[in-house]
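Here is the structure we will look at.
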Amino acid sequence: MCSSDLKYIKKYPINREYLNLEIELENHKSKNKIINDNLTIVTGYINTGKKKQHKYKTQIYSYLDKSIDTLKLDVNMVIYVSEEEYEFIKSKREEFRLLSKTKIIKITMSNNLYLYDRLEEIREKALKNKKPYDVGEHLLAVNSRYGYLEDSIKNNYFNTEYIGWLDFSAGHIVDIPSNFKFKNIPENKVKIAWISRYKKKKF
C-alpha cells in the first residue's frame, strides 16, 4: 500500500467495529503466492435497457469493449450476463481458449436486478442526482453484484478455495496485462481492495 493510501485512511478513518483493515506493506510482497488455479473470479453485466452515460466526455468507449481485459484472464470465471451479451462473452472466452474455465449464467432484470420491486420509487429518487448517477437502473445494477457473489459462493462452480469479484469492465479504470496473475497471502482469506486512479504520475 502506497503512502497516499495511508494518508487517505488517516484522513477518512474506517469504523473498525465493522471492518478490520489490515495493511500489507511493500516488504510483505514476497509472501504472495499465485492462486489462479485455486480462484474463481465472479463478474457480471446486466443490460438495463438504458444507455450507459459516462462521467467524462473523453470516455467514448463501450463497456463491452472494456470487458475484454477481464474476459482474457486465464482464471476460472463465473459470468452473470443478460441474454443480449451472452454470445459476445462466450465467443471471447472461446477465442482466448478459456471456455473450459468459464460458466456463463443468463440473468434478467426482473429476477436479478437488486430491489427490482422498488424500481419506480428508486427511479424517481435518483433524478435528483448528478449525471451519470441519475438513472435508477444503473444504481441498482451496481448493487446486484452481491447476489451474483452469493450464488457463486453457495455453488462454488469450480470447487476453488478462493472466490472474488472483478468488475466486468475493469479495463476502463486500469490496464490489466494479459499475463496477469492473482496473488494472495495465505493466512488472509478476506480482502477489500480499492482501486485509485493513476493520473499524471499521481494516485
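Ligands are numbered from 1 in the order shown, chains are lettered A, B, ... in the order of the C-alpha cells, and residues start at 1 in each chain.
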
Which residues are near A:Gly171? Cut-off 9 Å, only C-alpha atoms, ignore same chain within fewer than 3 positions. Put them as a ChimeraX atom specification.
/A:63,65-70,167-168,174-176

With only C-alpha atoms as the counted atoms, please give the residues lying no more than 8 Å from A:Tyr80, apart from itself and same-chain residues fewer than 4 positions off, as a PyMOL selection string.
chain A and resi 43-46+104-107+148

Mind checking DSSP for stretch 74-171 of chain A and telling me the strand (DSSP E or B) residues as a list in words?
Asn76, Met77, Val78, Ile79, Tyr80, Val81, Ser82, Thr102, Lys103, Ile104, Ile105, Lys106, Ile107, Tyr162, Ile163, Gly164 and Trp165 of chain A

Contacts of A:Tyr116 within 12 Å, only C-alpha atoms, excl. fewer than 4 positions in-chain, as a PyMOL selection string:
chain A and resi 48+108-112+120-123+136-141+143-144

Just give me the gap between atom CA of A:Lys101 and atom CA of A:Val81 in Å, one decimal is fine.
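According to the coordinates, atom CA of A:Lys101 and atom CA of A:Val81 are separated by 16.2 Å.
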
So what do you get for atom CA of A:Glu94 versus atom CA of A:Glu150, distance-wise?
26.0 Å

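Picture a line from atom CA of A:Ile79 to atom CA of A:Thr102; it runs 7.6 Å.
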
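Distance annotation: of A:Asn76, A:Ser100, A:Ser82, A:Asn129, the residue with the minimal separation from A:Asn159 is A:Asn76; atom set is only C-alpha atoms.
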
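Close contacts of A:Phe180, defined as residues with an atom at most 9 Å away when counting only C-alpha atoms, with chain neighbours fewer than 3 positions off set aside, comprise Leu73, Asp74, Ile176 and Pro177 of chain A.
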